[in-house]
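J.: Let me give you the structure first, and then I'll get to my questions.
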Amino acid sequence: MTTPQVLIVQHVPWERPGRILSSLEDLDLKTVTVNIVDQKKPDLPDFEDLAGVVIMGGPMGALDYDKYPGLKAEAKLARAAVASGKPILGVCLGHQIIATALGAQLRKGDAPEIGFAPIKRMDRHEFFSMWDKQVDVLHWHNDVVGLPEGAQLLARSSATKVQAFRMGSALGMQFHLEVCKSLLDEWLEEPSMVKDLKAAGGSKSALREAFEQYDPLLQPLAEQVFSGFAARCSTYAQTLGA
């Protein structure tokens, strides 16, 4: 019997799962990482053997199918995961891929949202049970999505109406809880990320200072969200072995 594993879909090398991977490894869950964004016929593990799916961020648009044909396969994967009740988590671009796959509209935001800024919790969810009504999180995006029909809105910001949502087995988050200090350092060594940061009026030094300020508060919240997701993957993996 094939060992159940969690599929992690990356789009660029620096948009890695960070704290998400740590939570999966804490429960001894096997993972496989792929980058299929440029593939017309993606080589993916057998869907039936997957205990869960994580779709990470990236600089492309969720509907840029002509330039990045693999995105269409990711949308199909998202719909299949929700239809079968398989746990699926989307971060930033991943959040947008899941939302649009479930029928939400995608549009360019009024302005890039980059750096630390507050989100407002709109509803309770077991992953978000210890969150205050408002918390400062790390943003790094241009596009925004609407709320899929029938989805539960979990968080919003002044600039982005859908910062987090849940629909069935799917959890989408526009913001970046997965980023730890070492991952932030990688981002700030990536020229394209630094270019975006400076264009939005930020600086590497200011972002590092903000990270030091907010991360002690965000770390336990991130652990709750990602350990909760990992627990769901572990439970789903047990059904595969039944």
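We name chains A, B, ... following the order of the structure tokens; residues begin at 1 in each chain, and ligands are numbered from 1 as shown.
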May I have a table of the residues of stretch 46-116 of chain A lying at most 9 Å from stretch 13-30 of chain A, giving each one's closest pair of atoms and their distance in Å to one decimal, counting only C-alpha atoms, ordered by chain and ascending residue number, as CSV?

T.:
```
residue,atom,partner,partner_atom,distance
A:Ala51,CA,A:Leu29,CA,8.6
A:Val54,CA,A:Pro17,CA,8.3
A:Ile55,CA,A:Pro17,CA,8.9
A:Met56,CA,A:Glu15,CA,6.5
A:Gly57,CA,A:Glu15,CA,5.8
A:Gly58,CA,A:Glu15,CA,6.4
```

J.: Compile the contact shell of A:Leu184 as an mmCIF file with N, CA, C and O atoms, in the first residue's frame: residues with an atom at most 12 Å away, counting only C-alpha atoms, same-chain residues fewer than 2 positions apart removed.

T.:
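Below you can see selection.cif, which holds the result:
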```cif
data_model
loop_
_atom_site.group_PDB
_atom_site.id
_atom_site.type_symbol
_atom_site.label_atom_id
_atom_site.label_comp_id
_atom_site.auth_asym_id
_atom_site.auth_seq_id
_atom_site.Cartn_x
_atom_site.Cartn_y
_atom_site.Cartn_z
ATOM 1 N N TRP A 14 11.403 30.507 -3.677
ATOM 2 C CA TRP A 14 11.411 31.192 -2.378
ATOM 3 C C TRP A 14 10.053 31.193 -1.674
ATOM 4 O O TRP A 14 9.970 31.547 -0.513
ATOM 5 N N GLU A 15 8.996 30.815 -2.364
ATOM 6 C CA GLU A 15 7.676 30.739 -1.721
ATOM 7 C C GLU A 15 7.492 29.323 -1.176
ATOM 8 O O GLU A 15 6.715 28.528 -1.694
ATOM 9 N N ARG A 16 8.235 29.036 -0.120
ATOM 10 C CA ARG A 16 8.249 27.699 0.472
ATOM 11 C C ARG A 16 7.236 27.605 1.628
ATOM 12 O O ARG A 16 6.778 28.625 2.140
ATOM 13 N N PRO A 17 6.922 26.386 2.083
ATOM 14 C CA PRO A 17 5.877 26.220 3.100
ATOM 15 C C PRO A 17 6.273 26.610 4.518
ATOM 16 O O PRO A 17 5.393 26.764 5.366
ATOM 17 N N GLY A 18 7.560 26.760 4.800
ATOM 18 C CA GLY A 18 7.961 27.266 6.108
ATOM 19 C C GLY A 18 7.299 26.540 7.270
ATOM 20 O O GLY A 18 7.464 25.332 7.454
ATOM 21 N N ARG A 19 6.533 27.274 8.064
ATOM 22 C CA ARG A 19 5.905 26.705 9.258
ATOM 23 C C ARG A 19 4.859 25.639 8.943
ATOM 24 O O ARG A 19 4.562 24.796 9.788
ATOM 25 N N GLY A 115 3.704 44.164 3.473
ATOM 26 C CA GLY A 115 4.155 44.554 4.807
ATOM 27 C C GLY A 115 3.136 44.155 5.857
ATOM 28 O O GLY A 115 2.134 43.504 5.571
ATOM 29 N N LEU A 138 1.499 39.546 7.999
ATOM 30 C CA LEU A 138 2.340 39.911 6.858
ATOM 31 C C LEU A 138 1.568 39.729 5.554
ATOM 32 O O LEU A 138 1.070 38.642 5.257
ATOM 33 N N TRP A 140 1.531 40.293 1.214
ATOM 34 C CA TRP A 140 2.419 40.462 0.059
ATOM 35 C C TRP A 140 1.661 40.054 -1.201
ATOM 36 O O TRP A 140 1.841 38.967 -1.739
ATOM 37 N N HIS A 176 0.444 35.801 5.053
ATOM 38 C CA HIS A 176 1.575 34.866 5.143
ATOM 39 C C HIS A 176 1.940 34.510 6.583
ATOM 40 O O HIS A 176 2.903 35.047 7.133
ATOM 41 N N LEU A 177 1.202 33.568 7.155
ATOM 42 C CA LEU A 177 1.563 33.065 8.482
ATOM 43 C C LEU A 177 2.719 32.076 8.421
ATOM 44 O O LEU A 177 3.344 31.787 9.444
ATOM 45 N N GLU A 178 2.988 31.540 7.229
ATOM 46 C CA GLU A 178 3.998 30.495 7.109
ATOM 47 C C GLU A 178 5.421 31.009 7.239
ATOM 48 O O GLU A 178 6.367 30.238 7.414
ATOM 49 N N VAL A 179 5.584 32.340 7.169
ATOM 50 C CA VAL A 179 6.928 32.924 7.092
ATOM 51 C C VAL A 179 7.584 33.003 8.464
ATOM 52 O O VAL A 179 7.095 33.687 9.370
ATOM 53 N N CYS A 180 8.687 32.298 8.618
ATOM 54 C CA CYS A 180 9.541 32.396 9.804
ATOM 55 C C CYS A 180 10.716 33.310 9.445
ATOM 56 O O CYS A 180 10.829 33.781 8.306
ATOM 57 N N LYS A 181 11.608 33.556 10.403
ATOM 58 C CA LYS A 181 12.694 34.507 10.175
ATOM 59 C C LYS A 181 13.599 34.074 9.023
ATOM 60 O O LYS A 181 13.976 34.895 8.175
ATOM 61 N N SER A 182 13.942 32.804 8.967
ATOM 62 C CA SER A 182 14.847 32.346 7.910
ATOM 63 C C SER A 182 14.198 32.471 6.533
ATOM 64 O O SER A 182 14.865 32.801 5.544
ATOM 65 N N GLU A 186 15.213 34.856 3.170
ATOM 66 C CA GLU A 186 15.278 34.418 1.774
ATOM 67 C C GLU A 186 14.504 35.372 0.867
ATOM 68 O O GLU A 186 14.961 35.717 -0.229
ATOM 69 N N TRP A 187 13.328 35.778 1.324
ATOM 70 C CA TRP A 187 12.521 36.710 0.530
ATOM 71 C C TRP A 187 13.279 38.009 0.281
ATOM 72 O O TRP A 187 13.228 38.560 -0.814
ATOM 73 N N LEU A 188 13.962 38.472 1.307
ATOM 74 C CA LEU A 188 14.645 39.761 1.208
ATOM 75 C C LEU A 188 15.993 39.659 0.486
ATOM 76 O O LEU A 188 16.678 40.660 0.311
ATOM 77 N N GLU A 189 16.349 38.455 0.071
ATOM 78 C CA GLU A 189 17.505 38.267 -0.812
ATOM 79 C C GLU A 189 17.070 38.044 -2.254
ATOM 80 O O GLU A 189 17.917 37.959 -3.146
ATOM 81 N N GLU A 190 15.771 37.945 -2.472
ATOM 82 C CA GLU A 190 15.237 37.719 -3.813
ATOM 83 C C GLU A 190 14.950 39.071 -4.474
ATOM 84 O O GLU A 190 14.111 39.840 -4.003
ATOM 85 N N MET A 193 11.310 40.235 -5.108
ATOM 86 C CA MET A 193 10.564 40.550 -3.892
ATOM 87 C C MET A 193 10.974 41.925 -3.356
ATOM 88 O O MET A 193 10.125 42.729 -2.934
ATOM 89 N N VAL A 194 12.259 42.200 -3.378
ATOM 90 C CA VAL A 194 12.759 43.498 -2.900
ATOM 91 C C VAL A 194 12.232 44.622 -3.778
ATOM 92 O O VAL A 194 11.854 45.696 -3.288
ATOM 93 N N LYS A 204 13.765 46.938 3.418
ATOM 94 C CA LYS A 204 14.154 45.693 4.066
ATOM 95 C C LYS A 204 14.329 45.881 5.569
ATOM 96 O O LYS A 204 13.866 45.052 6.369
ATOM 97 N N SER A 205 14.958 46.966 5.978
ATOM 98 C CA SER A 205 15.201 47.188 7.403
ATOM 99 C C SER A 205 13.896 47.390 8.169
ATOM 100 O O SER A 205 13.707 46.836 9.265
ATOM 101 N N LEU A 207 10.931 46.281 7.342
ATOM 102 C CA LEU A 207 10.171 45.030 7.385
ATOM 103 C C LEU A 207 10.754 44.075 8.421
ATOM 104 O O LEU A 207 10.010 43.397 9.142
ATOM 105 N N ARG A 208 12.074 44.025 8.512
ATOM 106 C CA ARG A 208 12.695 43.168 9.526
ATOM 107 C C ARG A 208 12.330 43.638 10.933
ATOM 108 O O ARG A 208 12.055 42.820 11.827
ATOM 109 N N GLU A 209 12.300 44.945 11.145
ATOM 110 C CA GLU A 209 11.911 45.485 12.456
ATOM 111 C C GLU A 209 10.464 45.133 12.780
ATOM 112 O O GLU A 209 10.140 44.757 13.915
ATOM 113 N N ALA A 210 9.589 45.247 11.791
ATOM 114 C CA ALA A 210 8.184 44.912 12.006
ATOM 115 C C ALA A 210 8.026 43.428 12.295
ATOM 116 O O ALA A 210 7.222 43.031 13.151
ATOM 117 N N PHE A 211 8.802 42.600 11.607
ATOM 118 C CA PHE A 211 8.741 41.159 11.847
ATOM 119 C C PHE A 211 9.131 40.833 13.291
ATOM 120 O O PHE A 211 8.471 40.033 13.964
ATOM 121 N N GLU A 212 10.199 41.458 13.779
ATOM 122 C CA GLU A 212 10.630 41.234 15.160
ATOM 123 C C GLU A 212 9.553 41.665 16.145
ATOM 124 O O GLU A 212 9.386 41.056 17.204
ATOM 125 N N ASP A 215 6.109 39.034 15.159
ATOM 126 C CA ASP A 215 6.219 37.575 15.068
ATOM 127 C C ASP A 215 5.995 36.845 16.399
ATOM 128 O O ASP A 215 5.392 35.766 16.391
#
```

J.: Set the distance at 8 Å and use only C-alpha atoms: which residues neighbour stretch 81-95 of chain A once local chain neighbours fewer than 3 positions away are removed? I'd like the list as JSON, numbers by chain.

T.: {"A": [51, 52, 53, 54, 55, 56, 57, 58, 59, 60, 61, 62, 77, 78, 98, 99, 140, 141, 167, 168, 169, 170, 171, 172, 173, 174, 175, 176, 229, 232, 233, 236]}

J.: As a list in words, please: the residues near A:Gln134 (cut-off 7 Å, only C-alpha atoms, same-chain neighbours under 3 positions excluded).

T.: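 My list of contacting residues is Pro118, Ile119, Lys120 and Arg121 of chain A.
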
J.: Within 9 Å of stretch 39-42 of chain A, counting only C-alpha atoms, which residues qualify if same-chain residues fewer than 6 places away don't, as a PyMOL selection string?

T.: chain A and resi 68-73

J.: Let me see the file: selected residues, N, CA, C and O atoms, as a tab-separated table (two decimals), in the first residue's frame.

T.:
```tsv
chain	number	residue	atom	x	y	z
A	68	TYR	N	0.91	30.14	-17.90
A	68	TYR	CA	1.27	29.12	-16.90
A	68	TYR	C	0.19	28.03	-16.91
A	68	TYR	O	-0.72	28.02	-16.08
A	69	PRO	N	0.27	27.10	-17.85
A	69	PRO	CA	-0.81	26.11	-18.04
A	69	PRO	C	-1.04	25.21	-16.83
A	69	PRO	O	-2.14	24.68	-16.65
A	70	GLY	N	-0.02	25.05	-15.98
A	70	GLY	CA	-0.18	24.20	-14.82
A	70	GLY	C	-1.20	24.73	-13.82
A	70	GLY	O	-1.73	23.98	-12.99
A	71	LEU	N	-1.49	26.02	-13.89
A	71	LEU	CA	-2.47	26.61	-12.97
A	71	LEU	C	-3.85	25.99	-13.15
A	71	LEU	O	-4.63	25.88	-12.20
A	72	LYS	N	-4.15	25.60	-14.38
A	72	LYS	CA	-5.46	24.98	-14.65
A	72	LYS	C	-5.55	23.64	-13.92
A	72	LYS	O	-6.61	23.29	-13.37
A	73	ALA	N	-4.45	22.89	-13.91
A	73	ALA	CA	-4.43	21.62	-13.19
A	73	ALA	C	-4.56	21.84	-11.68
A	73	ALA	O	-5.19	21.04	-10.98
```

J.: Step one, run DSSP on the backbone; step two, keep only residues of stretch 86-172 of chain A assigned to alpha helix (DSSP H); then write them as a list in words.

T.: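 Listing alpha helix (DSSP H) positions across stretch 86-172 of chain A yields Leu93, Gly94, His95, Gln96, Ile97, Ile98, Ala99, Thr100 and Ala101 of chain A.
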
J.: What gap, in Å, lies between atom CA of A:Val34 and atom CA of A:Thr2?

T.: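 Distance between the two atoms: 18.1 Å.
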
J.: Could you check the closest approach to A:Arg124 for each of A:Ala111, A:Ile97, A:Leu106, A:Gln152 and tell me which residue wins, using only C-alpha atoms?

T.: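 Checking each of A:Ala111, A:Ile97, A:Leu106, A:Gln152 against A:Arg124, counting only C-alpha atoms, the winner is A:Gln152.
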
J.: If we count only C-alpha atoms, what is near A:Thr160 at a cut-off of 8 Å, once residues fewer than 4 positions away on the same chain are taken out, given as a list of chain:residue names?

T.: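 Final neighbour list, sorted by chain and number: A:Gly109, A:Val144, A:Arg156.
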
J.: Dump C-alpha atoms for the selected residues as a short mmCIF file (atom, residue, chain, number, x, y, z; two decimals), in the first residue's frame?

T.:
```
data_model
loop_
_atom_site.label_atom_id
_atom_site.label_comp_id
_atom_site.auth_asym_id
_atom_site.auth_seq_id
_atom_site.Cartn_x
_atom_site.Cartn_y
_atom_site.Cartn_z
CA GLY A 109 -6.29 45.22 -5.98
CA VAL A 144 -7.67 39.98 -4.63
CA ARG A 156 -10.76 40.79 5.95
#
```

J.: For the atom pair atom CA of A:Asn35 and atom CA of A:Val12, what is the interatomic distance in Å to one decimal place?

T.: 7.6 Å

J.: Have a look at A:Ser227, A:Asp132, A:Val37, A:Phe165 and name the one nearest to A:His11; count only C-alpha atoms.

T.: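 Ranked by minimum distance to A:His11, first place goes to A:Val37.
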
J.: Between A:Leu63, A:Ala101, A:Leu183, A:Ile114, which residue has the minimum interatomic distance to A:His139, considering only C-alpha atoms?

T.: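 For A:His139, the nearest of the given residues is A:Ile114.
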